[in-house]
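Written out below as structure tokens is the structure these notes cover.
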Amino acid sequence: MPPQIPKRPPKWRQLADEIAAQITEGEYAPGDRLPSVQALVKQGKGATATVHRAYQALEAEGLVRTTQGSGTTVLEPDSMPSSTLTGAARLERLRRTGRPLAFRETYVNSRSVLRSCADPQIANLLGIDLYDEIVLRSRTFVRDDKPTVLALNCIHMRALAVLPELLREGPMEKFRHDLYVERTGKAITAGPEQSTARLASDNELAEFGIEVPPDVPVPVLVLRTVYSDDDGPLEVWEDILRPGMWHSSNA
């Protein structure tokens with residue numbers, strides 16, 4: 001199958017990216033007030049709704065703050081949110097900003113493979129037998145050159161018939177849940193986010209770049225959300241937070 005041609009971002013996202021680049025390059029410094037919505041409309045940057053949406057995205061990303069009567073002001077870098085985005089919070093951020101990543105965030109070590117499910121808890125949550133095959137997608141989120149979250153997506157095999165691109169590494173043309181809904185007409189719902197603490201595995205410590213003696217236990221916080229459609233559990237999304245990090249739902 002030929003590679004997907006990336007779609008051009010919507011107008012509001014293009015405008016938000018343009019302003020974000022101006023902030024990064026110093027054209028707008030911390031404390032500077034951005035042009036008003038109407039000023040940008042007059043400059044031909046888009047309709048009023050387009051400019052409003054762009055400013056809302058920039059605020060959600062922590063680059064600016066809009067105050068009624070005072071306009072939109074560029075924030076200090078230290079004022080930008082450093083909270084961890086996980087599971088449903090990350091998806092909510094995608095809905096609000098049109099971008100899957102936070103400011104100064106990227107990801108590495110993206111993998112997508114077929115794997116035998118050897119975890120009894122995951123098998124139970126997916127409603128499959130132990131050692132049945134699943135699609136396992138994983139990546140490590142990095143912020144300011146520091147690995148922060150190891151994300152694991154354990155996906156039921158029935159999703160592969162609908163989304164064969166699940167086995168391709170890298171981003172899809174749309175978020176996989178949206179593609180699944182489009183192709184099946186079945187809504188996907190998220191269960192409650194559950195958290196638990198456990199000891200990090202050697203592989204997880206290596207992913208985070210943490211070196212400790214073999215006999216030193218290192219606790220990590222694991223956040224887990226189960227996504228289901230009309231036919232039952234479809235995906236278990238786990239986020240393993242870097243040791244020492246606290247979870248925040250703020251985006």
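Following the order of the structure tokens, chains are lettered A, B, ..., residues in each are numbered from 1, and ligands are numbered from 1.
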
Pick out the residues sitting within 10 Å of range 18-29 of chain A, and hand them over as a PyMOL selection string; count only C-alpha atoms, and ignore anything fewer than 2 positions along from it in its own chain.
chain A and resi 12-16+31-34+54-55+58+61+63-64+73-77+103

Backbone-only DSSP, helix (DSSP H, G or I) members of range 130-180 of chain A, as a ChimeraX atom specification
/A:158-162,164-167,176-180

Using only C-alpha atoms, the residue out of A:Asn203, A:Gln43, A:Asn153, A:Gln68 with shortest distance to Tyr227 in chain A is A:Asn153
